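One file, structure_8.cif, carrying mmCIF, C-alpha atoms:
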data_coords
loop_
_atom_site.label_atom_id
_atom_site.label_comp_id
_atom_site.auth_asym_id
_atom_site.auth_seq_id
_atom_site.Cartn_x
_atom_site.Cartn_y
_atom_site.Cartn_z
CA MET A 461 -16.26 19.42 13.54
CA ALA A 462 -18.16 17.25 16.01
CA THR A 463 -19.45 13.70 15.84
CA LYS A 464 -23.04 12.68 16.52
CA SER A 465 -24.13 9.61 18.49
CA PHE A 466 -27.53 7.94 18.81
CA ARG A 467 -29.82 6.61 21.51
CA PRO A 468 -29.01 2.90 22.00
CA VAL A 469 -32.35 1.54 20.77
CA THR A 470 -30.58 -1.15 18.70
CA PRO A 471 -27.20 -2.91 19.06
CA THR A 472 -25.87 -0.91 16.09
CA SER A 473 -26.98 2.51 17.31
CA ARG A 474 -25.29 1.89 20.67
CA TYR A 475 -21.83 2.36 19.17
CA LYS A 476 -22.39 4.03 15.79
CA THR A 477 -21.27 7.63 15.37
CA VAL A 478 -21.51 9.90 12.33
CA CYS A 479 -20.06 13.24 11.35
CA SER A 480 -22.35 16.16 12.22
CA PHE A 481 -21.50 17.96 8.94
CA ASP A 482 -21.82 21.36 10.63
CA ALA A 483 -19.29 22.89 8.23
CA VAL A 484 -20.96 21.56 5.08
CA THR A 485 -23.11 24.24 3.43
CA THR A 486 -24.67 22.35 0.49
CA ASP A 487 -25.47 18.83 -0.67
CA LYS A 488 -25.46 19.62 -4.40
CA PRO A 489 -22.04 19.46 -6.12
CA HIS A 490 -21.00 21.70 -9.00
CA LYS A 491 -21.85 19.51 -12.03
CA PRO A 492 -19.16 20.81 -14.45
CA LEU A 493 -16.51 19.57 -11.99
CA LEU A 494 -17.91 16.03 -11.72
CA ALA A 495 -16.46 13.05 -13.56
CA PRO A 496 -17.74 9.46 -13.85
CA LYS A 497 -16.06 6.93 -11.61
CA LYS A 498 -15.92 3.33 -12.82
CA LYS A 499 -15.83 0.49 -10.30
CA TYR A 500 -13.18 -2.18 -10.76
CA SER A 501 -13.89 -4.23 -7.60
CA GLY A 502 -10.17 -4.78 -7.09
CA ARG A 503 -9.69 -6.40 -10.52
CA ASN A 504 -7.12 -5.68 -13.22
CA ASN A 505 -7.66 -5.52 -16.99
CA THR A 506 -7.80 -9.34 -17.27
CA GLY A 507 -10.44 -9.71 -14.56
CA GLN A 508 -8.13 -11.14 -11.90
CA ILE A 509 -8.59 -9.92 -8.33
CA MET A 510 -5.52 -7.88 -7.40
CA VAL A 511 -6.96 -6.35 -4.21
CA ARG A 512 -9.20 -8.55 -2.09
CA HIS A 513 -12.36 -7.53 -0.25
CA ARG A 514 -13.50 -4.88 -2.73
CA GLY A 515 -16.78 -4.53 -4.58
CA GLY A 516 -20.30 -3.16 -4.38
CA GLY A 517 -20.90 0.09 -2.56
CA SER A 518 -22.84 3.23 -3.35
CA ARG A 519 -22.49 5.01 -6.65
CA GLN A 520 -20.08 7.92 -6.61
CA TYR A 521 -19.01 10.74 -8.89
CA TYR A 522 -15.43 11.93 -8.76
CA ARG A 523 -14.90 15.59 -7.87
CA ILE A 524 -12.10 17.15 -9.92
CA ILE A 525 -9.80 18.75 -7.33
CA ASP A 526 -7.25 21.46 -8.10
CA PHE A 527 -4.17 20.00 -6.42
CA LYS A 528 -1.75 22.10 -8.49
CA ARG A 529 -3.18 25.49 -7.40
CA ASN A 530 -1.70 26.97 -10.57
CA LYS A 531 -4.16 29.86 -10.90
CA LEU A 532 -1.57 32.39 -9.77
CA ASP A 533 -2.20 35.88 -8.42
CA ILE A 534 -5.96 35.68 -9.07
CA ALA A 535 -8.03 35.97 -5.91
CA GLY A 536 -10.99 33.70 -5.34
CA THR A 537 -13.93 33.47 -2.94
CA VAL A 538 -15.13 30.31 -1.21
CA GLU A 539 -18.71 29.68 -2.35
CA THR A 540 -19.53 26.37 -0.62
CA ILE A 541 -18.03 23.74 1.69
CA GLU A 542 -19.03 20.28 0.43
CA TYR A 543 -18.81 16.61 1.34
CA ASP A 544 -16.68 14.47 -0.97
CA PRO A 545 -17.39 10.71 -0.97
CA ASN A 546 -13.93 10.01 -2.40
CA ARG A 547 -11.89 11.44 0.49
CA THR A 548 -12.03 11.91 4.24
CA CYS A 549 -11.80 15.71 4.28
CA PHE A 550 -14.27 18.27 2.96
CA ILE A 551 -13.77 20.26 -0.23
CA ALA A 552 -14.43 23.91 -1.03
CA LEU A 553 -15.81 25.35 -4.25
CA VAL A 554 -13.87 28.52 -5.11
CA LYS A 555 -15.05 31.12 -7.60
CA TYR A 556 -12.19 33.22 -8.99
CA HIS A 557 -12.53 36.81 -10.11
CA ASP A 558 -12.32 35.76 -13.77
CA GLY A 559 -15.43 33.60 -13.30
CA GLU A 560 -13.79 30.17 -13.22
CA ARG A 561 -14.72 27.72 -10.45
CA ARG A 562 -12.45 25.07 -8.96
CA TYR A 563 -12.56 22.62 -6.08
CA ILE A 564 -9.77 22.71 -3.49
CA LEU A 565 -9.23 20.88 -0.21
CA ALA A 566 -10.99 22.76 2.57
CA THR A 567 -9.01 23.78 5.63
CA ALA A 568 -10.15 23.33 9.22
CA ASN A 569 -11.32 26.94 9.70
CA MET A 570 -12.40 27.77 6.15
CA LYS A 571 -15.69 29.68 5.86
CA VAL A 572 -18.00 30.65 3.02
CA GLY A 573 -17.00 34.07 1.70
CA GLN A 574 -13.33 33.67 2.62
CA ARG A 575 -10.84 35.04 0.09
CA ILE A 576 -7.93 32.85 -1.02
CA ILE A 577 -5.09 33.31 -3.48
CA ALA A 578 -2.10 31.40 -4.79
CA GLY A 579 1.16 32.97 -5.90
CA GLU A 580 4.82 33.62 -5.27
CA SER A 581 4.36 36.22 -2.55
CA VAL A 582 0.86 36.13 -1.06
CA PRO A 583 -0.33 36.73 2.52
CA LEU A 584 0.35 33.97 5.02
CA SER A 585 -3.28 33.09 5.71
CA GLU A 586 -5.20 29.83 5.79
CA GLY A 587 -6.08 28.46 2.36
CA ASN A 588 -3.44 30.45 0.47
CA CYS A 589 -0.85 28.57 -1.59
CA MET A 590 2.78 29.54 -2.10
CA PRO A 591 6.27 28.03 -2.60
CA LEU A 592 7.91 26.45 0.43
CA LYS A 593 10.77 28.97 0.34
CA ASN A 594 8.32 31.76 1.26
CA ILE A 595 6.68 29.90 4.16
CA PRO A 596 8.24 30.64 7.57
CA ALA A 597 9.47 27.90 9.89
CA GLY A 598 6.83 26.49 12.21
CA ALA A 599 3.92 27.16 9.85
CA MET A 600 1.25 24.47 9.40
CA ILE A 601 0.92 23.32 5.79
CA HIS A 602 -0.78 20.62 3.71
CA ASN A 603 -1.15 19.47 0.08
CA ILE A 604 2.63 19.50 -0.47
CA GLU A 605 4.22 18.93 -3.87
CA MET A 606 6.91 16.27 -4.15
CA ARG A 607 7.99 17.38 -7.63
CA VAL A 608 7.83 20.95 -8.91
CA GLY A 609 4.65 21.53 -10.89
CA LYS A 610 3.18 18.05 -10.38
CA GLY A 611 0.61 19.10 -7.81
CA GLY A 612 0.16 18.33 -4.13
CA GLN A 613 0.61 14.68 -3.20
CA MET A 614 1.38 14.61 0.51
CA VAL A 615 -0.63 15.56 3.64
CA ARG A 616 -4.12 15.54 2.16
CA THR A 617 -6.14 13.39 4.58
CA ALA A 618 -8.64 14.72 7.12
CA GLY A 619 -7.07 16.63 10.01
CA ALA A 620 -3.51 16.27 8.70
CA TYR A 621 -0.84 18.96 8.69
CA ALA A 622 2.92 19.23 8.38
CA GLU A 623 5.37 21.77 9.78
CA VAL A 624 8.16 23.64 8.06
CA ALA A 625 11.28 22.82 10.08
CA SER A 626 14.24 24.58 8.42
CA LYS A 627 15.72 25.76 5.11
CA GLU A 628 19.17 25.30 3.61
CA ASN A 629 20.83 24.79 0.21
CA ASN A 630 17.67 25.40 -1.83
CA MET A 631 15.90 22.67 0.13
CA VAL A 632 13.23 22.91 2.82
CA GLN A 633 12.97 20.38 5.63
CA VAL A 634 9.37 19.50 6.52
CA LYS A 635 8.17 17.45 9.48
CA LEU A 636 5.36 15.21 8.21
CA PRO A 637 2.41 13.88 10.28
CA SER A 638 4.26 10.56 10.72
CA ASN A 639 7.17 12.49 12.39
CA GLU A 640 9.32 11.77 9.36
CA ILE A 641 11.51 14.72 8.38
CA ARG A 642 11.93 15.07 4.64
CA ASN A 643 13.63 17.45 2.22
CA PHE A 644 11.60 19.21 -0.46
CA ASP A 645 12.68 21.49 -3.28
CA GLU A 646 12.09 25.09 -2.18
CA ARG A 647 10.08 25.70 -5.40
CA CYS A 648 7.48 23.08 -4.47
CA VAL A 649 4.23 24.68 -3.37
CA ALA A 650 2.08 23.94 -0.32
CA THR A 651 -1.14 25.29 1.16
CA ILE A 652 -1.31 27.02 4.53
CA GLY A 653 -3.38 25.46 7.30
CA GLN A 654 -4.69 22.13 8.56
CA VAL A 655 -6.92 19.89 6.46
CA SER A 656 -10.61 19.98 7.40
CA ASN A 657 -12.66 17.37 9.31
CA PRO A 658 -10.10 16.46 12.03
CA GLU A 659 -12.76 14.46 13.93
CA HIS A 660 -12.96 11.88 11.15
CA MET A 661 -10.65 9.55 13.07
CA ASN A 662 -13.22 9.32 15.91
CA ILE A 663 -16.06 8.01 13.73
CA VAL A 664 -17.22 4.47 14.56
CA LEU A 665 -18.97 2.70 11.67
CA GLY A 666 -20.90 0.42 14.01
CA SER A 667 -22.36 -1.95 11.40
CA ALA A 668 -21.24 -4.24 8.60
CA GLY A 669 -23.77 -2.72 6.20
CA ARG A 670 -22.21 0.71 6.55
CA LYS A 671 -18.89 -0.81 5.54
CA ARG A 672 -20.52 -2.45 2.50
CA HIS A 673 -21.82 0.95 1.39
CA MET A 674 -18.19 2.05 1.21
CA GLY A 675 -17.35 -0.77 -1.21
CA ARG A 676 -15.66 -3.03 1.36
CA ARG A 677 -16.61 -6.70 1.40
CA PRO A 678 -16.15 -9.06 4.38
CA HIS A 679 -12.59 -9.80 5.43
CA VAL A 680 -11.91 -13.44 6.34
CA ARG A 681 -8.94 -14.29 8.56
CA GLY A 682 -6.39 -16.71 7.17
CA VAL A 683 -6.29 -18.90 10.31
CA VAL A 684 -9.93 -19.93 9.86
CA MET A 685 -9.35 -21.12 6.29
CA ASN A 686 -8.27 -24.57 5.13
CA PRO A 687 -4.61 -25.30 4.36
CA VAL A 688 -5.35 -25.30 0.63
CA ASP A 689 -6.62 -21.71 0.83
CA HIS A 690 -4.05 -20.01 3.06
CA PRO A 691 -0.56 -20.72 4.48
CA MET A 692 -1.91 -20.16 8.01
CA GLY A 693 -5.01 -22.31 7.52
CA GLY A 694 -5.80 -25.69 9.09
CA GLY A 695 -5.30 -27.07 12.57
CA GLU A 696 -7.63 -28.70 15.05
CA GLY A 697 -9.70 -26.19 16.95
CA LYS A 698 -8.97 -22.50 17.22
CA THR A 699 -5.27 -22.30 16.41
CA ALA A 700 -2.97 -19.98 14.55
CA GLY A 701 -1.52 -22.86 12.54
CA GLY A 702 1.85 -22.86 14.26
CA GLY A 703 3.59 -20.76 11.62
CA HIS A 704 4.65 -17.15 11.40
CA PRO A 705 1.96 -14.71 10.22
CA VAL A 706 2.15 -14.39 6.46
CA SER A 707 0.06 -13.13 3.56
CA PRO A 708 -1.91 -15.56 1.33
CA TRP A 709 1.17 -15.65 -0.93
CA GLY A 710 3.65 -16.41 1.85
CA GLN A 711 5.13 -12.95 2.43
CA SER A 712 5.83 -12.10 6.06
CA ALA A 713 3.02 -9.98 7.48
CA LYS A 714 4.77 -8.48 10.51
CA GLY A 715 8.06 -6.63 10.50
CA LEU A 716 9.15 -7.22 6.91
CA LYS A 717 10.49 -4.03 5.34
CA THR A 718 9.01 -3.71 1.86
CA ARG A 719 10.56 -0.38 0.85
CA LYS A 720 13.25 -0.74 -1.81
CA ALA A 721 16.74 -0.26 -0.40
CA LYS A 722 17.86 1.81 -3.41
CA LYS A 723 14.73 3.88 -3.93
CA LEU A 724 15.61 7.22 -5.50
CA SER A 725 13.70 9.28 -2.95
CA ASN A 726 15.68 7.83 -0.01
CA LYS A 727 18.15 10.70 -0.31
CA TYR A 728 15.42 13.19 0.63
CA ILE A 729 14.53 11.49 3.93
CA ILE A 730 16.39 13.10 6.82
CA ARG A 731 14.78 11.10 9.63
CA ARG A 732 12.48 8.13 9.19
CA ARG A 733 9.21 7.91 11.03
CA LYS A 734 10.21 4.89 13.09
CA SER A 735 13.71 6.07 14.03
CA LYS A 736 14.41 6.40 17.74
#
Rewrite the coordinates I just gave you, this time as structure tokens.
Amino acid sequence: MATKSFRPVTPTSRYKTVCSFDAVTTDKPHKPLLAPKKKYSGRNNTGQIMVRHRGGGSRQYYRIIDFKRNKLDIAGTVETIEYDPNRTCFIALVKYHDGERRYILATANMKVGQRIIAGESVPLSEGNCMPLKNIPAGAMIHNIEMRVGKGGQMVRTAGAYAEVASKENNMVQVKLPSNEIRNFDERCVATIGQVSNPEHMNIVLGSAGRKRHMGRRPHVRGVVMNPVDHPMGGGEGKTAGGGHPVSPWGQSAKGLKTRKAKKLSNKYIIRRRKSK
């Protein structure tokens, strides 16, 4: 997937790039698999802002994605590759032989007409889904379950993939995109291949308005605020305030480890992503 640039006739078009959408085959989603998506603008049920710099943006419908891939041993055919405004990768509409249609995450080389299947012992081809115990070491996978039957939760962003490292004691070691090595139950399922749209990381928005269309409002630095508004505010001239960088509520913003020391999933992490 390539990116497209523009002739620099304006300051914005000099730097702006967009996805070429060569792989996308239709601009009309499958209506039975759409769901309304309410905007909360970063607010909780009492109206307080919990996440700053959210609000506005274009209207979106949510596409119901089949992350569980629990339609076992029934082959399907890819009908369309579509753009999804809710995620960075593309999605594929699959029609199964019993007539049902479902959306799945599209892989990097997925084409219209491709046959896919999920099951215990299915061919090792891109787009197929199977338990980790049946996937050989070194294979590229995505959409990995963390708990058996819950559905894929990890490695779902554009261009991402993980690698099966080794297997022992009913557990499978997987090297994640962050270089973290983690244990998974061998019954957890994953999909073969790399997630589509790997060039997404090279897109340059180029304008503030394009960011507003995504529902992101302007971000104001703490050091330019007044002392009443931010711990790092105040000072004569352009200064950082003299203190350590912190959040608006005083929590250290650089280097503080926020992961719980006794988190239950710590026992599954073999090597952390930042370990030397």
Point to revise | Output check: residues returned by the PyMOL selection byres ((chain A and resi 636) around 12), as an NGL selection string | key: :A and (600-604 or 614-616 or 620-625 or 633-635 or 637-644 or 729-733)
Practice item. Using only C-alpha atoms, find the one residue out of A:Gly612, A:Gly517, A:Pro545, A:Gly695 that sits nearest to Arg677 in chain A. Key: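 Between A:Gly612, A:Gly517, A:Pro545, A:Gly695, the residue approaching Arg677 in chain A most closely is A:Gly517.
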Practice item. Considering all atoms listed in the file, state which residue in the set A:Ser501, A:Asn546, A:Ser656, A:Thr617 is at the smallest distance from Gly675 in chain A. Key: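 Smallest distance to Gly675 in chain A is found for A:Ser501.
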Practice item. Show me as a ChimeraX atom specification the residues that reach within 12 Å of (-12.9, -7.3, 0.3), counting all atoms listed in the file and using the file's own coordinates. Key: /A:501-503,509-517,671-672,674-681
Include C-alpha atoms and write out the residues we just selected as a compact mmCIF listing (two decimals), keeping the file's coordinate frame.
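Full text of selection-v3.txt as output:
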# COMPACT_ATOMS: atom_id res chain seq x y z
CA SER A 501 -13.89 -4.23 -7.60
CA GLY A 502 -10.17 -4.78 -7.09
CA ARG A 503 -9.69 -6.40 -10.52
CA ILE A 509 -8.59 -9.92 -8.33
CA MET A 510 -5.52 -7.88 -7.40
CA VAL A 511 -6.96 -6.35 -4.21
CA ARG A 512 -9.20 -8.55 -2.09
CA HIS A 513 -12.36 -7.53 -0.25
CA ARG A 514 -13.50 -4.88 -2.73
CA GLY A 515 -16.78 -4.53 -4.58
CA GLY A 516 -20.30 -3.16 -4.38
CA GLY A 517 -20.90 0.09 -2.56
CA LYS A 671 -18.89 -0.81 5.54
CA ARG A 672 -20.52 -2.45 2.50
CA MET A 674 -18.19 2.05 1.21
CA GLY A 675 -17.35 -0.77 -1.21
CA ARG A 676 -15.66 -3.03 1.36
CA ARG A 677 -16.61 -6.70 1.40
CA PRO A 678 -16.15 -9.06 4.38
CA HIS A 679 -12.59 -9.80 5.43
CA VAL A 680 -11.91 -13.44 6.34
CA ARG A 681 -8.94 -14.29 8.56
Practice item. Translate the PyMOL selection byres ((chain A and resi 486) around 8), as applied to the file shown, into an explicit residue set as a list in words. Key: Val484, Thr485, Asp487, Lys488, Pro489, Thr540, Ile541 and Glu542 of chain A
Check your understanding: What residues come out when you apply the PyMOL selection byres ((chain A and resi 472) around 12) to this file, written as a PyMOL selection string?
Key -> chain A and resi 465-471+473-477+664-670
Review point. Taking into account only C-alpha atoms, which residue in the set A:Pro691, A:Cys549, A:Gly609, A:Leu724 is nearest to Pro705 in chain A?
Key: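 Selected residue with least distance to Pro705 in chain A: A:Pro691.
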Point to revise | For Arg607 in chain A, the nearest of the candidates A:His704, A:Arg647, A:His557, A:Lys698, counting only C-alpha atoms | key: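 The shortest atom-to-atom distance to Arg607 in chain A comes from A:Arg647.
The gap separating CA of Met590 in chain A from CA of Cys648 in chain A is 8.3 Å, in Å to one decimal.
Of the residues listed (A:Lys571, A:Arg561, A:Lys531, A:Lys497), A:Lys571 shows the shortest atom-to-atom separation from Ala483 in chain A; distances use only C-alpha atoms.
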Could you please give me, as a compact mmCIF listing (two decimals) with C-alpha atoms, in the frame of the given file, the residues of protein, DNA or RNA lying at most 7 Å from (-3.0, 30.8, -8.7) in the coordinate frame of the file, considering all atoms listed in the file?
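The result, written out as selection-v6.txt:
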# COMPACT_ATOMS: atom_id res chain seq x y z
CA ARG A 529 -3.18 25.49 -7.40
CA ASN A 530 -1.70 26.97 -10.57
CA LYS A 531 -4.16 29.86 -10.90
CA LEU A 532 -1.57 32.39 -9.77
CA ASP A 533 -2.20 35.88 -8.42
CA ILE A 534 -5.96 35.68 -9.07
CA ILE A 577 -5.09 33.31 -3.48
CA ALA A 578 -2.10 31.40 -4.79
CA GLY A 579 1.16 32.97 -5.90
Point to revise | For Val688 in chain A: contacts at 12 Å, all atoms listed in the file, fewer than 5 positions along chain excluded, given as a list in words | key: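 Contacts, with the query itself left out: Gly682, Val683, Gly693, Gly694, Pro708 and Trp709 of chain A.
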Point to revise | Coordinates-based distance that separates CA of Arg562 in chain A from CA of Phe481 in chain A (Å, one decimal) | key: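 So the two atoms, CA of Phe481 in chain A and CA of Arg562 in chain A, lie 21.3 Å apart.
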Point to revise | Shell around Ala462 in chain A at 7 Å using only C-alpha atoms, local window under 3 positions removed, as a PyMOL selection string | key: chain A and resi 479-480+659
**Study point:** Surrounding residues of Gly559 in chain A excluding itself and chain neighbours under 5 positions, 12 Å, all atoms listed in the file, as a list in words
**Key:**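 Non-adjacent residues within range: Ile534, Ala535, Gly536, Thr537 and Val554 of chain A.
Across the model, the gap from CA of Lys593 in chain A to CA of Glu628 in chain A is 9.7 Å.
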